[in-house]
Amino acid sequence: MPDQTVTGPLQQMQRMIQPWHQALQDPQKAQQAVLERNLAIYAQTRYGKEHHAGHIASLAEYRRAFPVQTYESYKSLIQQVMAGDTGLLLNEEPVGWAITRGTTKKENKFIPMTPTDLKLRVSAGRAVINYALQSKHFEIFQGVNLNLNFPSVVGSIRVGEKDLEYGYSSGIYTKHVSTLTPVHSVPSQAEIDALGGGKTLRDWQARFELAYTQCERQNVTLVGGVAPTALQFGKFMKRAHRCYPKDLWKVLVMTLGSVPGINTRLADTLWALYGRQTAIREIYGATEGMFGQQMDEQRAWVPNYDLFLFEVETRSGIKMLHEMKTGESGSLIVSTPILARYRIGDRILAFRAPYFRCIGRDTWSTPIKYAWNEFSTLNLGRL
C-alpha cells in the first residue's frame, strides 16, 4: 500500500500545477475559459452590467464593450467600493485590501480582494512546487522558507460597516501560500505583521533581526519574496552578524520577484550571498495578482493562462499574450476577477513560447535600459 505521508502531499502538489501545465498546451482554449469565467463574475456587478457583460459571447465583443483602463481610471470606482458600494466592482464582499509600495505617482494603490481572488493568489506557490516536482528535491519541505516579506497587515479601512485589513501583496501571498501548501515560513507572517508596517531603515533592520534570530538554527531550504529585500538581508547579515546566508544554510531554491533581471543582472550577487547550489526561480506578479512563474532552467516566466486573461498592446495593435512573436514587446493588459482589461503598466518581451520577461515599467526608456543590462551582463537576449 502506498505511503500516504508521501503520496498525499505529492498529489496535492501535482493538483496545484496541473491546470497551469494543461493551459500551456492550448492557451487559446484556456484563455477563452478564463474570459467566460470572468464575464460571469462581471455580470453580477454594476460596472459589468453597464458594459453588458451578461450578453458577451466572444473576445471581440469583450474588447468592444470593455475599454482598457489604468489604475487612475479605475481609481474613482475603487474609492466608491472603499466607501461601501461593493457591488459596483465586486460580486462578493471584500475580505481585505492589497496595497502597493507606491509605484503609481509615489502613492499606494489599493486593490480589493475577494474570496475568489484570494484563491488565485495561492498560485504564488507554483514556482517552488514545480521546482520540487522536477528536481525531486522534496527535502525543501523538510526545511523552512526564510520569510523576508513585507507585512500582510499594515492597517485597516472602513468599508461600509466593516473594518477590513490592508497590507502588502507579498506578505498576503506568503500568508496564504503557507496555509494552503507544504511551504512553512519562518518568521510567521503574523510575527512580521506585529512589527508594524513601517518602511524606514530601522523598520527593516527589526524585520531582518527577527528573521535572523528565528532562522539561525533552522534548516532554511527556501527563500521567497522580493528580490531586492533578499539582497539587502544578505548584506545586513554581514554587517550585523559577520556572516553570509550561505555560511549558515544550504538554500536549495529562491523564488523571487518584483524587479526585472533577477536571473541575469542579479544572479551573481544572489549566489555570492546564498551559495552557488541555490536555484533561482523568478515569479512575476503584482498587487493585482500572480501572473506567472519560471517553469524550468529557461530564465523567463511562463504565464498562468488558466487564471488570468492576458492581452498586450503592441505596435501592431492589441493582441493576446500567447499570440506574440519572439522578440515582440508591448504593454500588458490583464483581466482579473475584479478588474476588467486593466493596463498594469509593465512592458513585456516575448521569447519563444511559452516564455516571457517583464523588462520594466512601460516607459520609453525601458527598452534602452533592458538592452544595456543584457549587454553589460553578456546575456545578449539568451534565455
# chains A, B, ... in the order shown; residues from 1 in each chain; ligands from 1

$ residues_around --residues "segment 221-234 of chain A" --least-positions-apart "4" --cutoff "8 Å" --atoms "only C-alpha atoms" --output "PyMOL selection string"
chain A and resi 139-141+143-149+170+208+238+244-245+249-259+262+269-270+273-274

$ write_last_selection --atoms "N, CA and C atoms" --output "PDB file, in the first residue's frame"
ATOM      1  N   GLU A 139      13.122  17.512  -0.075  1.00  0.00           N
ATOM      2  CA  GLU A 139      13.640  17.938   1.225  1.00  0.00           C
ATOM      3  C   GLU A 139      13.452  19.436   1.448  1.00  0.00           C
ATOM      4  N   ILE A 140      13.104  20.168   0.387  1.00  0.00           N
ATOM      5  CA  ILE A 140      12.762  21.589   0.539  1.00  0.00           C
ATOM      6  C   ILE A 140      11.711  21.760   1.624  1.00  0.00           C
ATOM      7  N   PHE A 141      10.735  20.856   1.640  1.00  0.00           N
ATOM      8  CA  PHE A 141       9.601  20.999   2.548  1.00  0.00           C
ATOM      9  C   PHE A 141       9.892  20.453   3.942  1.00  0.00           C
ATOM     10  N   GLY A 143      12.554  21.627   5.384  1.00  0.00           N
ATOM     11  CA  GLY A 143      13.124  22.841   5.946  1.00  0.00           C
ATOM     12  C   GLY A 143      12.088  23.948   5.986  1.00  0.00           C
ATOM     13  N   VAL A 144      12.568  25.178   6.084  1.00  0.00           N
ATOM     14  CA  VAL A 144      11.653  26.316   6.190  1.00  0.00           C
ATOM     15  C   VAL A 144      11.967  27.346   5.114  1.00  0.00           C
ATOM     16  N   ASN A 145      10.977  28.176   4.862  1.00  0.00           N
ATOM     17  CA  ASN A 145      11.114  29.319   3.975  1.00  0.00           C
ATOM     18  C   ASN A 145      11.532  30.529   4.793  1.00  0.00           C
ATOM     19  N   LEU A 146      12.690  31.097   4.473  1.00  0.00           N
ATOM     20  CA  LEU A 146      13.139  32.323   5.130  1.00  0.00           C
ATOM     21  C   LEU A 146      12.218  33.459   4.689  1.00  0.00           C
ATOM     22  N   ASN A 147      11.386  33.931   5.588  1.00  0.00           N
ATOM     23  CA  ASN A 147      10.332  34.888   5.256  1.00  0.00           C
ATOM     24  C   ASN A 147      10.842  36.315   5.433  1.00  0.00           C
ATOM     25  N   LEU A 148      11.108  36.969   4.316  1.00  0.00           N
ATOM     26  CA  LEU A 148      11.607  38.349   4.325  1.00  0.00           C
ATOM     27  C   LEU A 148      10.586  39.309   3.732  1.00  0.00           C
ATOM     28  N   ASN A 149       9.326  38.909   3.723  1.00  0.00           N
ATOM     29  CA  ASN A 149       8.306  39.675   3.014  1.00  0.00           C
ATOM     30  C   ASN A 149       7.810  40.882   3.791  1.00  0.00           C
ATOM     31  N   SER A 170       2.965  40.965  -1.200  1.00  0.00           N
ATOM     32  CA  SER A 170       3.956  39.901  -0.982  1.00  0.00           C
ATOM     33  C   SER A 170       3.714  39.191   0.344  1.00  0.00           C
ATOM     34  N   PHE A 208      14.674  42.130   9.713  1.00  0.00           N
ATOM     35  CA  PHE A 208      15.823  41.281   9.398  1.00  0.00           C
ATOM     36  C   PHE A 208      16.368  40.606  10.655  1.00  0.00           C
ATOM     37  N   LYS A 238      25.917  40.275   6.971  1.00  0.00           N
ATOM     38  CA  LYS A 238      27.363  40.509   7.002  1.00  0.00           C
ATOM     39  C   LYS A 238      27.714  41.653   7.941  1.00  0.00           C
ATOM     40  N   TYR A 244      27.455  35.374   6.021  1.00  0.00           N
ATOM     41  CA  TYR A 244      26.513  35.441   4.909  1.00  0.00           C
ATOM     42  C   TYR A 244      25.475  34.329   5.071  1.00  0.00           C
ATOM     43  N   PRO A 245      24.340  34.428   4.410  1.00  0.00           N
ATOM     44  CA  PRO A 245      23.366  33.334   4.465  1.00  0.00           C
ATOM     45  C   PRO A 245      23.973  31.979   4.102  1.00  0.00           C
ATOM     46  N   TRP A 249      23.213  28.326   5.992  1.00  0.00           N
ATOM     47  CA  TRP A 249      22.168  27.493   5.410  1.00  0.00           C
ATOM     48  C   TRP A 249      22.551  27.002   4.018  1.00  0.00           C
ATOM     49  N   LYS A 250      21.961  25.878   3.641  1.00  0.00           N
ATOM     50  CA  LYS A 250      22.065  25.387   2.278  1.00  0.00           C
ATOM     51  C   LYS A 250      20.712  25.621   1.603  1.00  0.00           C
ATOM     52  N   VAL A 251      20.567  26.799   1.041  1.00  0.00           N
ATOM     53  CA  VAL A 251      19.315  27.178   0.383  1.00  0.00           C
ATOM     54  C   VAL A 251      19.247  26.466  -0.971  1.00  0.00           C
ATOM     55  N   LEU A 252      18.178  25.709  -1.185  1.00  0.00           N
ATOM     56  CA  LEU A 252      18.055  24.951  -2.428  1.00  0.00           C
ATOM     57  C   LEU A 252      17.437  25.764  -3.553  1.00  0.00           C
ATOM     58  N   VAL A 253      16.493  26.643  -3.219  1.00  0.00           N
ATOM     59  CA  VAL A 253      15.823  27.412  -4.260  1.00  0.00           C
ATOM     60  C   VAL A 253      15.357  28.752  -3.699  1.00  0.00           C
ATOM     61  N   MET A 254      15.443  29.782  -4.546  1.00  0.00           N
ATOM     62  CA  MET A 254      14.908  31.101  -4.221  1.00  0.00           C
ATOM     63  C   MET A 254      13.837  31.420  -5.254  1.00  0.00           C
ATOM     64  N   THR A 255      12.632  31.750  -4.797  1.00  0.00           N
ATOM     65  CA  THR A 255      11.561  32.179  -5.699  1.00  0.00           C
ATOM     66  C   THR A 255      11.352  33.672  -5.458  1.00  0.00           C
ATOM     67  N   LEU A 256      11.803  34.463  -6.414  1.00  0.00           N
ATOM     68  CA  LEU A 256      11.906  35.908  -6.208  1.00  0.00           C
ATOM     69  C   LEU A 256      11.198  36.682  -7.312  1.00  0.00           C
ATOM     70  N   GLY A 257      10.678  37.833  -6.957  1.00  0.00           N
ATOM     71  CA  GLY A 257      10.014  38.698  -7.922  1.00  0.00           C
ATOM     72  C   GLY A 257      10.268  40.158  -7.631  1.00  0.00           C
ATOM     73  N   SER A 258       9.477  41.024  -8.255  1.00  0.00           N
ATOM     74  CA  SER A 258       9.416  42.459  -8.009  1.00  0.00           C
ATOM     75  C   SER A 258      10.223  43.318  -8.968  1.00  0.00           C
ATOM     76  N   VAL A 259      11.362  42.814  -9.485  1.00  0.00           N
ATOM     77  CA  VAL A 259      12.195  43.623 -10.372  1.00  0.00           C
ATOM     78  C   VAL A 259      12.628  42.791 -11.584  1.00  0.00           C
ATOM     79  N   ILE A 262      16.265  39.351 -12.541  1.00  0.00           N
ATOM     80  CA  ILE A 262      16.630  38.527 -11.396  1.00  0.00           C
ATOM     81  C   ILE A 262      17.578  37.408 -11.813  1.00  0.00           C
ATOM     82  N   THR A 269      25.163  38.155  -7.720  1.00  0.00           N
ATOM     83  CA  THR A 269      25.155  38.685  -6.351  1.00  0.00           C
ATOM     84  C   THR A 269      24.357  37.776  -5.427  1.00  0.00           C
ATOM     85  N   LEU A 270      23.223  37.276  -5.897  1.00  0.00           N
ATOM     86  CA  LEU A 270      22.428  36.354  -5.084  1.00  0.00           C
ATOM     87  C   LEU A 270      23.215  35.095  -4.762  1.00  0.00           C
ATOM     88  N   LEU A 273      25.838  35.595  -2.077  1.00  0.00           N
ATOM     89  CA  LEU A 273      25.286  35.692  -0.731  1.00  0.00           C
ATOM     90  C   LEU A 273      24.723  34.363  -0.226  1.00  0.00           C
ATOM     91  N   TYR A 274      24.052  33.630  -1.117  1.00  0.00           N
ATOM     92  CA  TYR A 274      23.297  32.447  -0.690  1.00  0.00           C
ATOM     93  C   TYR A 274      23.911  31.121  -1.142  1.00  0.00           C
TER      94      TYR A 274
END

$ residues_around --residues "Leu309 of chain A" --least-positions-apart "4" --cutoff "7 Å" --atoms "only C-alpha atoms" --output "compact mmCIF listing (two decimals) with N, CA and C atoms, in the first residue's frame"
# COMPACT_ATOMS: atom_id res chain seq x y z
N GLN A 31 -7.60 30.55 -22.29
CA GLN A 31 -7.96 31.96 -22.17
C GLN A 31 -9.45 32.19 -22.43
N VAL A 34 -11.14 31.37 -19.20
CA VAL A 34 -10.98 32.46 -18.23
C VAL A 34 -11.91 33.62 -18.57
N LEU A 35 -12.01 33.95 -19.85
CA LEU A 35 -12.90 35.04 -20.27
C LEU A 35 -14.33 34.74 -19.83
N TYR A 305 -2.04 30.98 -17.71
CA TYR A 305 -3.13 31.14 -18.67
C TYR A 305 -4.46 30.62 -18.12
N VAL A 334 -4.23 43.00 -18.22
CA VAL A 334 -4.74 41.79 -17.57
C VAL A 334 -6.20 41.98 -17.20
N SER A 335 -6.93 40.88 -17.21
CA SER A 335 -8.29 40.86 -16.68
C SER A 335 -8.32 39.89 -15.52
N THR A 336 -8.67 40.39 -14.35
CA THR A 336 -8.74 39.60 -13.13
C THR A 336 -10.22 39.46 -12.74

$ atom_distance --atom1 "atom CA of Gln205 of chain A" --atom2 "atom CA of Val154 of chain A"
17.2 Å

$ closest_residue --among "A:Glu288, A:Gln22, A:Ser123, A:Met13" --to "Phe138 of chain A" --atoms "only C-alpha atoms"
A:Met13

$ residues_around --residues "Ser376 of chain A" --least-positions-apart "4" --cutoff "12 Å" --atoms "only C-alpha atoms" --output "list in words"
Gly261, Thr264, Arg265, Lys369, Tyr370, Ala371, Trp372, Leu380 and Gly381 of chain A

$ write_last_selection --atoms "N, CA and C atoms" --output "PDB file, in the first residue's frame"
ATOM      1  N   GLY A 261      15.351  41.279 -14.376  1.00  0.00           N
ATOM      2  CA  GLY A 261      16.755  40.886 -14.369  1.00  0.00           C
ATOM      3  C   GLY A 261      17.195  40.020 -13.213  1.00  0.00           C
ATOM      4  N   THR A 264      19.481  37.332 -14.463  1.00  0.00           N
ATOM      5  CA  THR A 264      20.632  37.784 -15.247  1.00  0.00           C
ATOM      6  C   THR A 264      21.424  38.839 -14.474  1.00  0.00           C
ATOM      7  N   ARG A 265      20.836  39.982 -14.281  1.00  0.00           N
ATOM      8  CA  ARG A 265      21.544  41.096 -13.652  1.00  0.00           C
ATOM      9  C   ARG A 265      21.855  40.844 -12.176  1.00  0.00           C
ATOM     10  N   LYS A 369      17.175  50.592 -21.364  1.00  0.00           N
ATOM     11  CA  LYS A 369      17.778  50.078 -20.136  1.00  0.00           C
ATOM     12  C   LYS A 369      17.926  48.560 -20.197  1.00  0.00           C
ATOM     13  N   TYR A 370      16.922  47.905 -20.739  1.00  0.00           N
ATOM     14  CA  TYR A 370      16.977  46.443 -20.849  1.00  0.00           C
ATOM     15  C   TYR A 370      18.119  46.027 -21.775  1.00  0.00           C
ATOM     16  N   ALA A 371      18.242  46.702 -22.913  1.00  0.00           N
ATOM     17  CA  ALA A 371      19.311  46.372 -23.859  1.00  0.00           C
ATOM     18  C   ALA A 371      20.681  46.569 -23.224  1.00  0.00           C
ATOM     19  N   TRP A 372      20.840  47.646 -22.457  1.00  0.00           N
ATOM     20  CA  TRP A 372      22.116  47.898 -21.796  1.00  0.00           C
ATOM     21  C   TRP A 372      22.425  46.814 -20.764  1.00  0.00           C
ATOM     22  N   LEU A 380      22.816  39.033 -23.584  1.00  0.00           N
ATOM     23  CA  LEU A 380      22.548  39.236 -25.019  1.00  0.00           C
ATOM     24  C   LEU A 380      21.287  38.526 -25.500  1.00  0.00           C
ATOM     25  N   GLY A 381      20.220  38.629 -24.673  1.00  0.00           N
ATOM     26  CA  GLY A 381      18.931  38.119 -25.102  1.00  0.00           C
ATOM     27  C   GLY A 381      18.739  36.632 -24.988  1.00  0.00           C
TER      28      GLY A 381
END

$ residues_around --residues "His52 of chain A" --least-positions-apart "5" --cutoff "9 Å" --atoms "only C-alpha atoms" --output "PyMOL selection string"
chain A and resi 43+47+65-66

$ write_last_selection --atoms "C-alpha atoms" --output "mmCIF file, in the first residue's frame"
data_model
loop_
_atom_site.group_PDB
_atom_site.id
_atom_site.type_symbol
_atom_site.label_atom_id
_atom_site.label_comp_id
_atom_site.auth_asym_id
_atom_site.auth_seq_id
_atom_site.Cartn_x
_atom_site.Cartn_y
_atom_site.Cartn_z
ATOM 1 C CA ALA A 43 -22.252 40.318 -14.920
ATOM 2 C CA TYR A 47 -19.813 48.038 -13.724
ATOM 3 C CA ALA A 65 -17.734 46.516 -24.685
ATOM 4 C CA PHE A 66 -14.996 46.992 -22.078
#

$ residues_around --residues "Gly160 of chain A" --least-positions-apart "2" --cutoff "8 Å" --atoms "only C-alpha atoms" --output "PyMOL selection string"
chain A and resi 82-85+158+162

$ write_last_selection --atoms "C-alpha atoms" --output "compact mmCIF listing (two decimals), in the first residue's frame"
# COMPACT_ATOMS: atom_id res chain seq x y z
CA MET A 82 -13.93 51.57 -0.22
CA ALA A 83 -16.84 53.78 0.84
CA GLY A 84 -19.11 50.73 1.00
CA ASP A 85 -20.53 50.44 -2.53
CA ARG A 158 -13.73 51.26 6.97
CA LYS A 162 -16.87 46.76 8.43

$ closest_residue --among "A:Ala98, A:Cys215, A:Met16, A:Ile56" --to "Ala286 of chain A" --atoms "only C-alpha atoms"
A:Ala98

$ residues_around --residues "Leu118 of chain A" --least-positions-apart "2" --cutoff "10 Å" --atoms "only C-alpha atoms" --output "VMD selection string"
chain A and resid 95 to 96 113 to 116 120 to 123 172 to 173 176 289

$ write_last_selection --atoms "C-alpha atoms" --output "PDB file, in the first residue's frame"
ATOM      1  CA  VAL A  95     -12.126  40.150   2.638  1.00  0.00           C
ATOM      2  CA  GLY A  96      -9.218  42.587   2.623  1.00  0.00           C
ATOM      3  CA  MET A 113      -9.507  41.156  -2.537  1.00  0.00           C
ATOM      4  CA  THR A 114     -12.446  38.742  -2.631  1.00  0.00           C
ATOM      5  CA  PRO A 115     -12.564  35.031  -1.687  1.00  0.00           C
ATOM      6  CA  THR A 116     -12.335  34.106  -5.396  1.00  0.00           C
ATOM      7  CA  LEU A 120      -5.844  32.756  -7.408  1.00  0.00           C
ATOM      8  CA  ARG A 121      -3.152  34.385  -5.296  1.00  0.00           C
ATOM      9  CA  VAL A 122      -2.117  30.998  -3.912  1.00  0.00           C
ATOM     10  CA  SER A 123      -0.560  30.401  -7.342  1.00  0.00           C
ATOM     11  CA  ILE A 172      -0.509  38.336   1.753  1.00  0.00           C
ATOM     12  CA  TYR A 173       0.781  35.812  -0.799  1.00  0.00           C
ATOM     13  CA  HIS A 176      -1.939  32.137   2.158  1.00  0.00           C
ATOM     14  CA  GLY A 289      -2.436  39.103  -8.935  1.00  0.00           C
TER      15      GLY A 289
END

$ select_by_dssp --residues "segment 153-201 of chain A" --states "helix (DSSP H, G or I)" --output "list in words"
Ser169, Ser170, Gly171, Ile172, Tyr173, Thr174, Lys175, His176, Val177, Ser178, Thr179, Leu180, Gln189, Ala190, Glu191, Ile192, Asp193, Ala194 and Leu201 of chain A

$ atom_distance --atom1 "atom CA of Gln134 of chain A" --atom2 "atom CA of Pro182 of chain A"
16.1 Å

$ residues_around --residues "Arg382 of chain A" --least-positions-apart "2" --cutoff "9 Å" --atoms "only C-alpha atoms" --output "PyMOL selection string"
chain A and resi 298-299+374+379-380

$ atom_distance --atom1 "atom CA of Arg64 of chain A" --atom2 "atom CA of Met324 of chain A"
20.8 Å

$ closest_residue --among "A:Trp20, A:Tyr212, A:Phe110, A:Tyr131" --to "Gly167 of chain A" --atoms "only C-alpha atoms"
A:Phe110

$ closest_residue --among "A:Thr174, A:Ala194, A:Leu77, A:Thr287" --to "Ile99 of chain A" --atoms "only C-alpha atoms"
A:Thr287

$ closest_residue --among "A:Glu216, A:Ala30, A:Gly48, A:Pro151" --to "Ile192 of chain A" --atoms "only C-alpha atoms"
A:Pro151

$ decode --residues "segment 127-219 of chain A" --atoms "C-alpha atoms" --output "compact mmCIF listing (two decimals), in the first residue's frame"
# COMPACT_ATOMS: atom_id res chain seq x y z
CA ALA A 127 7.25 28.12 -8.69
CA VAL A 128 8.61 26.16 -5.72
CA ILE A 129 6.11 23.31 -6.12
CA ASN A 130 7.05 22.90 -9.78
CA TYR A 131 10.77 23.04 -8.94
CA ALA A 132 10.39 20.35 -6.28
CA LEU A 133 8.48 18.03 -8.62
CA GLN A 134 11.02 18.49 -11.43
CA SER A 135 14.18 18.24 -9.33
CA LYS A 136 12.84 15.68 -6.80
CA HIS A 137 14.27 17.89 -4.05
CA PHE A 138 11.35 17.23 -1.72
CA GLU A 139 13.64 17.94 1.23
CA ILE A 140 12.76 21.59 0.54
CA PHE A 141 9.60 21.00 2.55
CA GLN A 142 11.51 19.45 5.45
CA GLY A 143 13.12 22.84 5.95
CA VAL A 144 11.65 26.32 6.19
CA ASN A 145 11.11 29.32 3.97
CA LEU A 146 13.14 32.32 5.13
CA ASN A 147 10.33 34.89 5.26
CA LEU A 148 11.61 38.35 4.32
CA ASN A 149 8.31 39.68 3.01
CA PHE A 150 6.52 42.93 3.63
CA PRO A 151 3.74 42.95 6.27
CA SER A 152 0.42 41.45 5.21
CA VAL A 153 -1.36 43.78 7.62
CA VAL A 154 -0.45 47.46 7.79
CA GLY A 155 -3.72 48.97 8.97
CA SER A 156 -7.46 48.88 8.45
CA ILE A 157 -10.01 50.86 6.48
CA ARG A 158 -13.73 51.26 6.97
CA VAL A 159 -15.72 49.64 4.15
CA GLY A 160 -19.40 50.25 4.77
CA GLU A 161 -19.99 48.95 8.28
CA LYS A 162 -16.87 46.76 8.43
CA ASP A 163 -13.23 47.40 9.24
CA LEU A 164 -11.04 45.49 6.76
CA GLU A 165 -7.31 44.99 6.99
CA TYR A 166 -4.93 46.12 4.26
CA GLY A 167 -1.33 45.13 3.65
CA TYR A 168 1.33 44.41 1.04
CA SER A 169 0.66 41.76 -1.56
CA SER A 170 3.96 39.90 -0.98
CA GLY A 171 3.04 39.32 2.66
CA ILE A 172 -0.51 38.34 1.75
CA TYR A 173 0.78 35.81 -0.80
CA THR A 174 3.12 34.28 1.77
CA LYS A 175 0.43 34.01 4.43
CA HIS A 176 -1.94 32.14 2.16
CA VAL A 177 0.73 30.01 0.46
CA SER A 178 1.95 28.90 3.89
CA THR A 179 -1.60 27.94 4.84
CA LEU A 180 -2.52 26.03 1.67
CA THR A 181 0.78 24.44 0.56
CA PRO A 182 3.59 22.43 2.26
CA VAL A 183 5.71 25.60 2.50
CA HIS A 184 6.43 26.57 6.13
CA SER A 185 7.57 30.18 6.57
CA VAL A 186 9.74 31.48 9.41
CA PRO A 187 9.17 34.01 10.88
CA SER A 188 5.43 33.61 10.51
CA GLN A 189 3.61 36.36 8.69
CA ALA A 190 1.80 37.21 11.93
CA GLU A 191 5.15 37.84 13.66
CA ILE A 192 6.25 40.12 10.83
CA ASP A 193 2.92 41.94 10.93
CA ALA A 194 3.34 42.51 14.67
CA LEU A 195 6.40 44.68 13.98
CA GLY A 196 4.23 47.18 12.10
CA GLY A 197 4.08 48.45 8.56
CA GLY A 198 6.90 50.99 8.58
CA LYS A 199 9.29 51.29 5.63
CA THR A 200 12.27 53.01 7.30
CA LEU A 201 15.75 51.51 7.65
CA ARG A 202 15.05 50.86 11.33
CA ASP A 203 11.83 49.00 10.47
CA TRP A 204 13.67 46.74 8.04
CA GLN A 205 16.52 46.13 10.47
CA ALA A 206 13.94 44.94 13.02
CA ARG A 207 12.41 42.55 10.47
CA PHE A 208 15.82 41.28 9.40
CA GLU A 209 16.91 40.74 13.00
CA LEU A 210 13.71 38.80 13.67
CA ALA A 211 14.35 36.63 10.61
CA TYR A 212 17.99 36.02 11.56
CA THR A 213 17.20 35.20 15.18
CA GLN A 214 14.42 32.76 14.37
CA CYS A 215 16.19 31.06 11.45
CA GLU A 216 19.78 30.98 12.74
CA ARG A 217 19.45 27.34 13.84
CA GLN A 218 16.77 26.33 11.36
CA ASN A 219 17.20 24.30 8.17
